[in-house]
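Q: The following file, entry06.tsv, comprises TSV, C-alpha atoms:
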```tsv
chain	number	residue	atom	x	y	z
O	18	MET	CA	47.54	86.77	147.34
O	19	LEU	CA	49.52	89.30	149.42
O	20	ALA	CA	51.99	86.60	150.36
O	21	THR	CA	52.55	85.77	146.69
O	22	ILE	CA	53.24	89.41	145.81
O	23	GLY	CA	55.52	89.75	148.84
O	24	GLY	CA	57.35	86.61	147.86
O	25	ALA	CA	57.81	87.87	144.30
O	26	ILE	CA	59.23	91.19	145.51
O	27	ALA	CA	61.57	89.41	147.93
O	28	GLY	CA	62.66	87.06	145.14
O	29	LEU	CA	63.40	89.98	142.82
O	30	ALA	CA	65.32	91.81	145.52
O	31	SER	CA	67.48	88.77	146.20
O	32	LEU	CA	68.03	88.33	142.47
O	33	ALA	CA	69.21	91.92	142.20
O	34	ALA	CA	71.57	91.40	145.13
O	35	ALA	CA	72.93	88.21	143.55
O	36	ARG	CA	73.49	90.04	140.26
O	37	THR	CA	75.35	92.93	141.86
O	38	ALA	CA	77.48	90.46	143.81
O	39	LYS	CA	78.25	88.48	140.65
O	40	ALA	CA	79.33	91.65	138.83
O	41	ALA	CA	81.54	92.66	141.76
O	42	VAL	CA	83.15	89.21	141.92
O	43	LYS	CA	83.70	89.23	138.16
O	44	LYS	CA	85.38	92.62	138.37
O	45	VAL	CA	87.85	91.42	140.98
O	46	PHE	CA	88.58	87.86	139.93
O	47	VAL	CA	88.16	87.62	136.17
O	48	ALA	CA	91.54	88.49	134.72
O	49	THR	CA	91.34	91.22	132.12
O	50	SER	CA	94.35	92.78	130.48
O	51	ALA	CA	92.51	96.08	130.13
O	52	PRO	CA	94.34	99.05	131.62
O	53	LYS	CA	92.75	99.83	134.99
O	54	ASP	CA	93.49	103.55	135.33
O	55	TYR	CA	91.80	104.67	132.11
O	56	ASP	CA	88.86	107.04	132.56
O	57	ALA	CA	87.02	107.57	129.28
O	58	SER	CA	85.41	110.83	130.41
O	59	LYS	CA	88.82	112.50	130.86
O	60	HIS	CA	89.86	112.21	127.21
O	61	LYS	CA	88.65	113.44	123.83
O	62	TRP	CA	90.52	111.88	120.94
O	63	LEU	CA	91.04	113.57	117.63
O	64	MET	CA	92.56	112.45	114.32
O	65	CYS	CA	94.04	114.82	111.75
O	66	PHE	CA	95.41	114.26	108.25
O	67	ASP	CA	97.73	116.34	106.14
O	68	VAL	CA	96.94	115.38	102.56
O	69	ASP	CA	100.16	117.00	101.28
O	70	LYS	CA	102.24	114.71	103.48
O	71	CYS	CA	100.65	111.41	102.44
O	72	ILE	CA	102.97	109.57	100.05
O	73	GLY	CA	100.69	106.61	99.42
O	74	CYS	CA	103.02	103.93	100.73
O	75	GLY	CA	100.05	102.01	102.18
O	76	LEU	CA	101.96	100.95	105.30
O	77	CYS	CA	99.16	102.28	107.52
O	78	VAL	CA	96.61	100.02	105.82
O	79	ASP	CA	98.86	97.02	106.33
O	80	ALA	CA	99.59	98.00	109.94
O	81	CYS	CA	95.87	98.38	110.70
O	82	LYS	CA	95.11	94.91	109.33
O	83	THR	CA	97.94	93.39	111.36
O	84	GLU	CA	97.15	95.24	114.57
O	85	ASN	CA	93.41	94.66	114.57
O	86	HIS	CA	93.30	91.24	112.87
O	87	VAL	CA	91.05	92.65	110.16
O	88	PRO	CA	89.94	89.93	107.71
O	89	GLN	CA	92.15	89.61	104.64
O	90	GLY	CA	90.55	90.44	101.35
O	91	PRO	CA	90.11	93.60	99.38
O	92	THR	CA	86.82	94.84	100.83
O	93	TYR	CA	87.62	94.78	104.54
O	94	PHE	CA	89.38	97.93	105.69
O	95	ARG	CA	89.29	100.03	108.81
O	96	THR	CA	91.52	102.55	107.10
O	97	TRP	CA	92.46	102.85	103.44
O	98	ILE	CA	94.09	105.24	100.98
O	99	GLU	CA	92.53	106.68	97.85
O	100	ARG	CA	94.49	107.98	94.88
O	101	TYR	CA	92.97	110.99	93.14
O	102	ILE	CA	94.12	111.85	89.64
O	103	ILE	CA	92.62	115.04	88.23
O	104	LYS	CA	93.17	115.37	84.49
O	105	LYS	CA	93.78	118.64	82.65
O	106	PRO	CA	90.65	120.07	81.02
O	107	LYS	CA	90.18	119.32	77.33
O	108	PRO	CA	91.89	121.95	75.11
O	109	GLY	CA	89.46	124.71	74.28
O	110	SER	CA	87.05	123.96	77.14
O	111	ASP	CA	86.52	126.57	79.83
O	112	ALA	CA	86.48	124.05	82.72
O	113	THR	CA	89.00	124.44	85.52
O	114	ARG	CA	89.71	120.72	85.56
O	115	GLY	CA	89.06	117.59	83.55
O	116	GLU	CA	88.03	114.09	84.51
O	117	VAL	CA	88.62	112.96	88.11
O	118	LEU	CA	89.88	109.40	88.52
O	119	VAL	CA	89.80	107.77	91.95
O	120	ASP	CA	91.18	104.34	92.71
O	121	SER	CA	92.23	102.35	95.75
O	122	PRO	CA	93.63	98.96	94.69
O	123	ASN	CA	93.35	96.66	97.73
O	124	GLY	CA	92.87	99.79	99.83
O	125	GLY	CA	96.40	100.85	98.94
O	126	ARG	CA	97.77	98.08	101.13
O	127	ASP	CA	100.38	96.93	98.61
O	128	GLY	CA	101.17	100.44	97.43
O	129	PHE	CA	99.85	101.85	94.18
O	130	PRO	CA	100.78	100.46	90.75
O	131	PRO	CA	101.95	103.08	88.21
O	132	THR	CA	99.00	104.90	86.71
O	133	THR	CA	98.13	104.45	83.05
O	134	VAL	CA	97.41	108.17	82.71
O	135	PRO	CA	100.39	109.89	81.05
O	136	ARG	CA	102.11	112.50	83.19
O	137	GLU	CA	101.44	115.38	80.79
O	138	GLU	CA	97.67	114.81	81.04
O	139	ILE	CA	97.60	115.08	84.83
O	140	LEU	CA	96.63	118.45	86.26
O	141	LYS	CA	97.27	117.28	89.81
O	142	SER	CA	97.25	114.09	91.78
O	143	PHE	CA	97.30	113.26	95.47
O	144	PHE	CA	96.59	110.57	98.05
O	145	VAL	CA	93.82	110.82	100.64
O	146	PRO	CA	93.94	108.59	103.72
O	147	LYS	CA	90.56	107.70	105.14
O	148	LEU	CA	89.14	106.17	108.28
O	149	CYS	CA	86.22	106.68	110.68
O	150	ASN	CA	85.33	110.39	110.71
O	151	LEU	CA	84.52	110.35	114.45
O	152	CYS	CA	81.25	112.19	113.90
O	153	GLU	CA	79.95	114.25	116.77
O	154	ARG	CA	76.45	113.37	115.52
O	155	SER	CA	77.15	109.94	114.10
O	156	PRO	CA	74.47	108.51	111.76
O	157	CYS	CA	75.69	104.96	112.43
O	158	THR	CA	74.90	105.28	116.13
O	159	GLN	CA	71.46	106.71	115.48
O	160	VAL	CA	70.32	103.82	113.29
O	161	CYS	CA	71.56	100.92	115.44
O	162	PRO	CA	68.41	99.16	116.68
O	163	VAL	CA	70.05	97.32	119.59
O	164	GLY	CA	72.51	99.82	121.03
O	165	ALA	CA	75.53	97.92	119.74
O	166	THR	CA	77.15	100.99	118.18
O	167	PHE	CA	77.83	103.91	120.43
O	168	ASP	CA	79.80	107.10	120.93
O	169	ALA	CA	82.16	106.44	123.82
O	170	PRO	CA	82.64	109.35	126.24
O	171	ASP	CA	86.15	109.89	124.84
O	172	GLY	CA	84.89	110.44	121.30
O	173	ALA	CA	85.61	107.01	119.81
O	174	VAL	CA	82.70	105.45	117.94
O	175	LEU	CA	82.78	101.76	118.78
O	176	VAL	CA	80.89	98.57	118.02
O	177	ASP	CA	80.01	96.06	120.73
O	178	PRO	CA	80.61	92.77	118.88
O	179	ASN	CA	78.74	90.78	121.53
O	180	TYR	CA	75.62	92.87	121.06
O	181	CYS	CA	75.66	93.49	117.29
O	182	ILE	CA	73.06	91.48	115.37
O	183	GLY	CA	74.68	92.12	111.99
O	184	CYS	CA	71.68	93.84	110.43
O	185	GLY	CA	73.94	96.19	108.48
O	186	PHE	CA	71.92	99.37	109.01
O	187	CYS	CA	75.02	101.21	110.23
O	188	ILE	CA	76.97	100.19	107.14
O	189	GLN	CA	74.34	101.87	104.97
O	190	ALA	CA	74.08	104.86	107.28
O	191	CYS	CA	77.79	105.76	107.32
O	192	PRO	CA	78.22	108.42	104.62
O	193	TYR	CA	81.98	107.83	104.55
O	194	GLY	CA	81.89	104.07	103.90
O	195	CYS	CA	83.93	103.36	106.99
O	196	ARG	CA	82.12	100.20	108.09
O	197	PHE	CA	81.95	96.63	106.84
O	198	LEU	CA	80.45	93.33	107.93
O	199	ASN	CA	83.11	90.98	109.28
O	200	PRO	CA	82.62	87.69	107.38
O	201	ASP	CA	83.87	85.59	110.32
O	202	THR	CA	81.88	87.09	113.19
O	203	ARG	CA	78.99	88.42	111.06
O	204	THR	CA	79.06	91.67	113.01
O	205	ALA	CA	79.72	95.23	111.91
O	206	GLU	CA	83.29	96.39	112.27
O	207	LYS	CA	85.05	99.73	112.01
O	208	CYS	CA	88.04	101.74	113.12
O	209	THR	CA	88.27	101.71	116.92
O	210	LEU	CA	91.11	104.26	116.95
O	211	CYS	CA	93.06	101.21	118.19
O	212	TYR	CA	91.20	101.53	121.48
O	213	HIS	CA	93.43	98.91	123.14
O	214	ARG	CA	96.48	101.00	122.24
O	215	ILE	CA	95.32	104.53	123.03
O	216	THR	CA	94.08	103.46	126.47
O	217	ARG	CA	97.59	102.15	127.16
O	218	GLY	CA	99.25	105.42	126.13
O	219	LEU	CA	100.34	104.14	122.71
O	220	LYS	CA	99.44	105.72	119.38
O	221	PRO	CA	97.05	103.97	116.99
O	222	ALA	CA	98.92	101.56	114.72
O	223	CYS	CA	98.45	103.65	111.55
O	224	VAL	CA	99.79	106.77	113.28
O	225	GLU	CA	102.72	104.82	114.74
O	226	ILE	CA	103.61	103.47	111.30
O	227	CYS	CA	103.03	106.56	109.12
O	228	PRO	CA	106.53	107.58	107.94
O	229	THR	CA	105.72	111.23	107.15
O	230	GLU	CA	103.47	112.28	110.04
O	231	ALA	CA	100.59	112.66	107.61
O	232	ARG	CA	98.41	111.27	110.39
O	233	ILE	CA	98.35	113.17	113.65
O	234	PHE	CA	96.55	111.85	116.68
O	235	GLY	CA	95.97	113.48	120.02
O	236	ASP	CA	93.84	114.22	123.02
O	237	LEU	CA	91.95	117.50	123.16
O	238	LYS	CA	91.44	117.32	126.92
O	239	ASN	CA	95.10	116.65	127.82
O	240	PRO	CA	97.33	118.77	125.60
O	241	VAL	CA	101.00	117.88	126.01
O	242	ALA	CA	103.95	120.22	125.57
O	243	ASN	CA	104.28	121.23	121.88
O	244	ASP	CA	101.02	119.44	121.25
O	245	PRO	CA	101.00	118.22	117.63
O	246	ILE	CA	97.21	118.54	117.45
O	247	GLN	CA	97.15	122.18	118.55
O	248	ALA	CA	100.03	122.99	116.20
O	249	PHE	CA	98.24	121.25	113.34
O	250	ILE	CA	94.99	123.12	113.87
O	251	SER	CA	96.63	126.52	114.30
O	252	LYS	CA	99.06	126.16	111.36
O	253	ASN	CA	96.70	124.67	108.78
O	254	LYS	CA	93.40	125.57	107.25
O	255	VAL	CA	91.47	122.47	108.16
O	256	HIS	CA	88.40	120.98	106.59
O	257	THR	CA	86.14	117.97	107.13
O	258	LEU	CA	84.63	115.52	104.66
O	259	LYS	CA	81.02	116.11	103.56
O	260	PRO	CA	80.33	118.95	106.02
O	261	HIS	CA	76.90	119.53	104.42
O	262	LEU	CA	75.61	116.32	106.01
O	263	GLY	CA	75.75	117.84	109.47
O	264	THR	CA	77.62	114.90	110.98
O	265	ASP	CA	80.20	117.28	112.45
O	266	PRO	CA	83.24	115.00	112.01
O	267	ARG	CA	86.22	115.33	114.33
O	268	THR	CA	88.57	113.84	111.74
O	269	LEU	CA	90.19	116.92	110.23
O	270	TYR	CA	91.94	117.26	106.88
O	271	ALA	CA	94.47	119.89	105.86
O	272	ASN	CA	95.07	120.77	102.20
O	273	LEU	CA	91.96	118.95	101.07
O	274	ASP	CA	90.77	119.36	97.48
O	275	LYS	CA	87.10	119.98	96.74
O	276	GLU	CA	86.91	116.84	94.60
O	277	VAL	CA	87.46	114.61	97.64
O	278	ARG	CA	84.24	112.98	98.76
U	27	MET	CA	27.68	103.07	151.94
U	28	VAL	CA	27.37	100.65	149.10
U	29	ARG	CA	30.64	99.79	147.41
U	30	PRO	CA	30.12	99.43	143.66
U	31	LYS	CA	31.06	95.91	142.72
U	32	MET	CA	33.71	95.51	140.05
U	33	PRO	CA	32.42	93.45	137.18
U	34	PRO	CA	34.36	90.17	137.00
U	35	GLN	CA	35.44	90.65	133.38
U	36	ILE	CA	37.04	94.02	134.25
U	37	PHE	CA	38.79	92.45	137.22
U	38	ARG	CA	40.21	89.71	134.97
U	39	LEU	CA	41.37	92.35	132.45
U	40	VAL	CA	43.15	94.38	135.14
U	41	LEU	CA	44.79	91.22	136.46
U	42	LEU	CA	45.94	90.21	132.97
U	43	THR	CA	47.34	93.70	132.26
U	44	LEU	CA	49.20	93.69	135.56
U	45	ALA	CA	50.62	90.24	134.85
U	46	ILE	CA	51.86	91.34	131.42
U	47	VAL	CA	53.45	94.52	132.79
U	48	VAL	CA	55.17	92.64	135.62
U	49	THR	CA	56.40	89.92	133.25
U	50	TYR	CA	57.78	92.62	130.92
U	51	ILE	CA	59.60	94.39	133.75
U	52	ILE	CA	61.10	91.13	135.04
U	53	ALA	CA	62.09	89.99	131.55
U	54	ARG	CA	63.69	93.34	130.74
U	55	TYR	CA	65.53	93.31	134.04
U	56	LEU	CA	66.88	89.82	133.45
U	57	LEU	CA	67.79	90.27	129.80
U	58	THR	CA	69.52	93.67	130.00
U	59	PRO	CA	73.24	93.38	130.74
U	60	ALA	CA	74.31	94.86	134.07
U	61	SER	CA	76.49	97.58	132.54
U	62	PHE	CA	73.84	98.76	130.07
U	63	ARG	CA	73.16	102.51	130.45
U	64	GLN	CA	76.34	102.91	132.50
U	65	TYR	CA	77.36	105.66	130.03
U	66	GLY	CA	74.47	105.60	127.57
U	67	PHE	CA	72.30	103.30	125.51
U	68	TYR	CA	74.97	100.60	125.27
U	69	ARG	CA	76.94	98.11	127.37
U	70	GLY	CA	79.61	99.94	129.39
U	71	GLU	CA	81.48	96.64	129.61
U	72	ALA	CA	82.09	96.83	125.85
U	73	LEU	CA	84.65	99.59	126.45
U	74	VAL	CA	86.64	97.27	128.71
U	75	GLU	CA	86.40	94.49	126.15
U	76	HIS	CA	87.82	96.78	123.47
U	77	MET	CA	90.62	97.81	125.82
U	78	SER	CA	91.60	94.25	126.67
U	79	HIS	CA	92.92	93.35	123.20
U	80	THR	CA	96.69	92.92	123.10
U	81	PRO	CA	98.68	95.46	121.08
U	82	VAL	CA	100.68	93.97	118.19
U	83	PHE	CA	103.05	96.84	117.43
U	84	ALA	CA	105.40	97.62	120.32
U	85	GLY	CA	105.66	101.37	119.67
U	86	ARG	CA	108.70	103.60	119.44
U	87	LYS	CA	109.11	103.95	123.20
U	88	ALA	CA	109.69	100.20	123.59
U	89	CYS	CA	112.45	100.32	120.93
U	90	LEU	CA	114.16	103.27	122.63
U	91	GLU	CA	114.63	101.32	125.85
U	92	CYS	CA	117.58	99.54	124.21
U	93	HIS	CA	118.28	101.45	120.98
U	94	GLU	CA	118.54	105.01	122.20
U	95	ASP	CA	121.79	105.45	120.21
U	96	ILE	CA	120.01	104.90	116.90
U	97	GLN	CA	117.32	107.39	117.85
U	98	THR	CA	119.98	110.04	118.56
U	99	LYS	CA	121.39	109.58	115.05
U	100	LEU	CA	117.95	109.38	113.48
U	101	SER	CA	116.63	112.53	115.14
U	102	LYS	CA	119.12	114.65	113.16
U	103	ALA	CA	118.35	113.01	109.84
U	104	GLU	CA	115.56	113.37	107.33
U	105	HIS	CA	114.08	110.06	108.37
U	106	LYS	CA	113.36	111.35	111.89
U	107	THR	CA	109.58	111.18	111.47
U	108	ILE	CA	109.65	107.46	110.66
U	109	GLY	CA	108.78	105.02	113.41
U	110	CYS	CA	111.08	102.03	113.95
U	111	GLU	CA	108.40	99.49	113.06
U	112	THR	CA	107.56	101.30	109.82
U	113	CYS	CA	110.64	99.76	108.19
U	114	HIS	CA	111.60	96.98	110.59
U	115	GLY	CA	108.12	95.45	110.89
U	116	VAL	CA	106.23	94.28	113.97
U	117	GLY	CA	108.66	94.38	116.89
U	118	LYS	CA	106.58	93.20	119.83
U	119	GLU	CA	108.17	89.74	119.98
U	120	HIS	CA	111.65	91.22	119.62
U	121	ALA	CA	110.91	93.77	122.36
U	122	ASP	CA	109.73	91.04	124.73
U	123	ASN	CA	112.61	88.70	123.85
U	124	PRO	CA	115.68	90.26	122.13
U	125	ASP	CA	116.77	86.82	120.86
U	126	VAL	CA	113.93	86.91	118.36
U	127	LYS	CA	115.41	88.69	115.37
U	128	LEU	CA	113.54	91.17	113.20
U	129	VAL	CA	112.89	90.47	109.54
U	130	LYS	CA	115.57	91.75	107.14
U	131	ILE	CA	114.51	94.66	104.94
U	132	GLY	CA	115.16	94.43	101.21
U	133	ASP	CA	115.20	97.13	98.53
U	134	ASN	CA	111.43	96.90	98.26
U	135	GLY	CA	111.29	98.51	101.70
U	136	CYS	CA	112.91	101.65	100.28
U	137	LEU	CA	110.98	101.63	97.02
U	138	ARG	CA	107.66	101.45	98.80
U	139	CYS	CA	108.08	105.15	99.57
U	140	HIS	CA	110.75	106.35	97.12
U	141	GLU	CA	109.59	104.92	93.79
U	142	ALA	CA	108.68	107.80	91.49
U	143	SER	CA	104.97	108.47	91.00
U	144	PRO	CA	103.14	111.55	89.70
U	145	THR	CA	100.81	111.30	92.70
U	146	ARG	CA	103.60	111.59	95.30
U	147	PRO	CA	104.23	115.10	96.64
U	148	SER	CA	107.23	116.90	95.14
U	149	TRP	CA	109.04	117.33	98.48
U	150	LEU	CA	109.59	113.57	98.64
U	151	LYS	CA	112.82	112.30	97.05
U	152	GLN	CA	111.80	109.84	94.36
U	153	ILE	CA	113.76	107.60	91.99
U	154	ASN	CA	112.94	105.48	89.00
U	155	PRO	CA	114.36	102.04	89.89
U	156	LYS	CA	114.86	101.23	86.19
U	157	ASN	CA	117.61	103.83	85.71
U	158	HIS	CA	118.86	104.54	89.24
U	159	TYR	CA	122.02	102.41	89.84
U	160	ARG	CA	120.42	99.05	89.21
U	161	GLU	CA	123.58	97.03	89.94
U	162	ASP	CA	123.76	97.64	93.65
U	163	LYS	CA	121.34	97.46	96.55
U	164	CYS	CA	120.02	100.71	98.06
U	165	VAL	CA	122.18	100.29	101.16
U	166	GLY	CA	125.25	99.97	98.90
U	167	CYS	CA	125.24	103.78	98.69
U	168	HIS	CA	122.67	105.03	101.22
U	169	VAL	CA	122.53	104.72	104.99
U	170	PRO	CA	118.83	104.48	105.96
U	171	HIS	CA	119.32	105.95	109.44
U	172	GLN	CA	121.24	108.99	108.08
U	173	PRO	CA	120.03	109.45	104.53
U	174	ASN	CA	121.30	113.04	104.17
U	175	GLU	CA	124.93	112.25	104.96
U	176	VAL	CA	125.46	110.27	101.79
U	177	PRO	CA	125.61	111.64	98.20
```
Written as C-alpha cells, that's how I'd like the structure from this file.

A:
Amino acid sequence: MLATIGGAIAGLASLAAARTAKAAVKKVFVATSAPKDYDASKHKWLMCFDVDKCIGCGLCVDACKTENHVPQGPTYFRTWIERYIIKKPKPGSDATRGEVLVDSPNGGRDGFPPTTVPREEILKSFFVPKLCNLCERSPCTQVCPVGATFDAPDGAVLVDPNYCIGCGFCIQACPYGCRFLNPDTRTAEKCTLCYHRITRGLKPACVEICPTEARIFGDLKNPVANDPIQAFISKNKVHTLKPHLGTDPRTLYANLDKEVR
Amino acid sequence: MVRPKMPPQIFRLVLLTLAIVVTYIIARYLLTPASFRQYGFYRGEALVEHMSHTPVFAGRKACLECHEDIQTKLSKAEHKTIGCETCHGVGKEHADNPDVKLVKIGDNGCLRCHEASPTRPSWLKQINPKNHYREDKCVGCHVPHQPNEVP
C-alpha cells in the first residue's frame, strides 16, 4: 500500500519535471515571431476618439479587416463607423431635436452613400467610430466560463482562440456590441488593439490609417515627448459610452453627443 | 487500550473519497495548460500567440527609411496627418522589396474623403463631383502631397 502511494507520488513528480522541461525546450526551440522584449505589465494602452475629426471615410474599417484577416461579410467587424443624423424637431413642437437616424452600411467600410434625408431637415449629423471599449471591469471577461477571454496586464481585452468554446456568452454580455462569432473558427473574436503591432512598437492598423487623427492611441505608463494621449485628455472634455453600466471604459470620446449609445 | 475498529463500510467510503479526490487533482493537473494562471485565470501563452501574428501594414516609419523627402514636403502641407498607406494601400511587400510596385490611386481615392456630405465636419474641404471640373482627374489640378499650394 505504502509502496503504491510512494510510487504514485514519484510518478507525479517525474511528470511535473518532464512538463517543465518540455515547456523550457519549447520556449527555446520553437520558433515564434513574437517580440521577445515585450513586458505586458509595463504598459497600459488607451484609445481615444475625436468625433469632430471623423470624416466617415471608412478606411479604418477596411484596414482592420485587412490587417487582422477578419471574415468578409457585413456582420463581422472589429471596428466600425456609425452615421448619426439628428433631424430638426417638428415645427411647433417644444422638443430640442427630432428623430435620430443611425446607420452603418457594411460597417462604413465602403464609405457612406448619400443620405436620403434632405439637408434642410438635418439639425446635425456626425460619424462615430467604434471598437472595443477596453473596460476596466469588462462584462465579457466575467461571463466567460472557461477563461478564454481575459484582461491582459497591459489593458487589452483578448480572446484565446485555442481555449474558446464558442458559447457566445461574451457576445451577449458586451454592452457595446464589439464581439462576434467567427464563422470559420467558431470562436469569439474582437478588437485586439492589433496586439501583434503594438507589441512591436507600431500603431494599430486603424490608427495608422486614419487620415485625420480622429483616433489617438497611446501608452499611459510610458508617455513620450508631446504625448498625444496626454494632450488629448487635457485639451478635450472627454466622455465614455454608457457610463451608467459601471464598466469603466478606457476608450475615451471627445465631442460626443448624448444620443450616441 | 482498545482501539475502536473502523467499520468496513466507512473504510471503503473513505478510500473511495480519497481515490476521487486524487483522480480529480491528477486530471486537473494534466488538463490545465502550463501557462494557465501565469497572469490570471487564462493561458499566459495566449498573449504570445496574439503577438506572433505578422503585421500587414508596414507603418509610416518603414516608408520614411527611403522616402524621407516626401515626408518633408508633406509635413508642411494640410495632408500631414495622413499616413502613407492611407492612400497608397498596404505597403509591406513594397517595403520588403522595392521592386514590387504599389497600386495606382484613382480619383475615387480623393473622393472617399472629399465628396460632399452633410455628415462630414465643416472644416473638411468637400466637393460635389457632379459639378467640380468633371473633365479632368483630381491630380490634373491638385498635388496630393501639397494640397494647399495649388488653387

Q: Can you list, as a PDB file with C-alpha atoms, in the coordinates of the input, every protein, DNA or RNA residue that comes within 8 Å of stretch 79-87 of chain O when you count all atoms listed in the file, leaving out same-chain residues fewer than 6 positions away?

A:
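What ended up in around11.pdb:
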```pdb
ATOM      1  CA  TYR O  93      87.620  94.780 104.540  1.00  0.00           C
ATOM      2  CA  PHE O  94      89.380  97.930 105.690  1.00  0.00           C
ATOM      3  CA  ARG O  95      89.290 100.030 108.810  1.00  0.00           C
ATOM      4  CA  THR O  96      91.520 102.550 107.100  1.00  0.00           C
ATOM      5  CA  ARG O 126      97.770  98.080 101.130  1.00  0.00           C
ATOM      6  CA  ASP O 127     100.380  96.930  98.610  1.00  0.00           C
ATOM      7  CA  CYS O 211      93.060 101.210 118.190  1.00  0.00           C
ATOM      8  CA  ALA O 222      98.920 101.560 114.720  1.00  0.00           C
ATOM      9  CA  CYS O 223      98.450 103.650 111.550  1.00  0.00           C
ATOM     10  CA  ILE O 226     103.610 103.470 111.300  1.00  0.00           C
TER      11      ILE O 226
ATOM     12  CA  PRO U  81      98.680  95.460 121.080  1.00  0.00           C
ATOM     13  CA  VAL U  82     100.680  93.970 118.190  1.00  0.00           C
ATOM     14  CA  PHE U  83     103.050  96.840 117.430  1.00  0.00           C
TER      15      PHE U  83
END
```

Q: Using all atoms listed in the file, select each residue of chain U with any atom at most 7 Å away from an atom of chain O, and give the selection as number ranges by chain.

A: U: 67-68, 72, 74, 76-83, 85, 107-109, 111-112, 138-139, 143-147

Q: Once you have the residues from the selection above, write them out as a tab-separated table (two decimals), in the coordinates of the input, restricted to C-alpha atoms.

A:
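Now in selection.tsv:
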```tsv
chain	number	residue	atom	x	y	z
U	67	PHE	CA	72.30	103.30	125.51
U	68	TYR	CA	74.97	100.60	125.27
U	72	ALA	CA	82.09	96.83	125.85
U	74	VAL	CA	86.64	97.27	128.71
U	76	HIS	CA	87.82	96.78	123.47
U	77	MET	CA	90.62	97.81	125.82
U	78	SER	CA	91.60	94.25	126.67
U	79	HIS	CA	92.92	93.35	123.20
U	80	THR	CA	96.69	92.92	123.10
U	81	PRO	CA	98.68	95.46	121.08
U	82	VAL	CA	100.68	93.97	118.19
U	83	PHE	CA	103.05	96.84	117.43
U	85	GLY	CA	105.66	101.37	119.67
U	107	THR	CA	109.58	111.18	111.47
U	108	ILE	CA	109.65	107.46	110.66
U	109	GLY	CA	108.78	105.02	113.41
U	111	GLU	CA	108.40	99.49	113.06
U	112	THR	CA	107.56	101.30	109.82
U	138	ARG	CA	107.66	101.45	98.80
U	139	CYS	CA	108.08	105.15	99.57
U	143	SER	CA	104.97	108.47	91.00
U	144	PRO	CA	103.14	111.55	89.70
U	145	THR	CA	100.81	111.30	92.70
U	146	ARG	CA	103.60	111.59	95.30
U	147	PRO	CA	104.23	115.10	96.64
```

Q: Just how far from atom CA of O:Asp265 is atom CA of O:Thr204, in Å to one decimal?

A: 25.6 Å

Q: For O:Leu262, work out the shell of residues within 12 Å, counting all atoms listed in the file and skipping chain neighbours fewer than 3 positions away, then give it as a list in words.

A: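 Once the adjacent positions are removed, what remains is Cys152, Glu153, Arg154, Ser155, Pro156, Ala190, Cys191, Pro192, Tyr193, Thr257, Leu258, Lys259, Asp265, Pro266 and Arg278 of chain O.
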
Q: Residues within 9 Å of (90.8, 106.8, 102.1), file coordinates, counting only C-alpha atoms: what are they? Give the list as a PyMOL selection string.

A: chain O and resi 96-100+121+124-125+144-148

Q: Need to verify the contact set: O:Leu198, 10 Å, all atoms listed in the file, exclusion of same-chain residues closer than 6 positions in sequence. Can you return it as a PyMOL selection string?

A: chain O and resi 92-93+183-185+187-188+204-207

Q: What is the distance, in Å and to one decimal place, between atom CA of O:Asn253 and atom CA of O:Ala271?

A: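 If I compute the distance from atom CA of O:Asn253 to atom CA of O:Ala271, I get 6.0 Å.
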
Q: May I have the residues within 12 Å of U:Leu100 as an mmCIF file with C-alpha atoms, keeping the file's coordinate frame, using all atoms listed in the file and disregarding those fewer than 5 positions away in the same chain?

A:
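The resulting file, selection06.cif, is shown below:
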```cif
data_model
loop_
_atom_site.group_PDB
_atom_site.id
_atom_site.type_symbol
_atom_site.label_atom_id
_atom_site.label_comp_id
_atom_site.auth_asym_id
_atom_site.auth_seq_id
_atom_site.Cartn_x
_atom_site.Cartn_y
_atom_site.Cartn_z
ATOM 1 C CA LEU U 90 114.160 103.270 122.630
ATOM 2 C CA HIS U 93 118.280 101.450 120.980
ATOM 3 C CA GLU U 94 118.540 105.010 122.200
ATOM 4 C CA ASP U 95 121.790 105.450 120.210
ATOM 5 C CA HIS U 105 114.080 110.060 108.370
ATOM 6 C CA LYS U 106 113.360 111.350 111.890
ATOM 7 C CA THR U 107 109.580 111.180 111.470
ATOM 8 C CA ILE U 108 109.650 107.460 110.660
ATOM 9 C CA GLY U 109 108.780 105.020 113.410
ATOM 10 C CA CYS U 110 111.080 102.030 113.950
ATOM 11 C CA VAL U 169 122.530 104.720 104.990
ATOM 12 C CA PRO U 170 118.830 104.480 105.960
ATOM 13 C CA HIS U 171 119.320 105.950 109.440
ATOM 14 C CA GLN U 172 121.240 108.990 108.080
ATOM 15 C CA PRO U 173 120.030 109.450 104.530
ATOM 16 C CA ASN U 174 121.300 113.040 104.170
ATOM 17 C CA GLU U 175 124.930 112.250 104.960
#
```

Q: When distances are computed from only C-alpha atoms, which of U:Arg54, U:Arg63, U:His140, U:Lys118 shows the smallest separation from U:Ile153?

A: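 Closest candidate: U:His140.
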
Q: As an exercise, work out the distance from atom CA of O:Asn150 to atom CA of O:Phe234 in Å and give it to one decimal place.

A: 12.8 Å

Q: Can you work out which one of O:Ile233, O:Val277, O:Gln189, O:Ser251 has the shortest atom-to-atom distance to O:Phe66, counting all atoms listed in the file?

A: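 The answer is O:Ile233, which sits nearest to O:Phe66.
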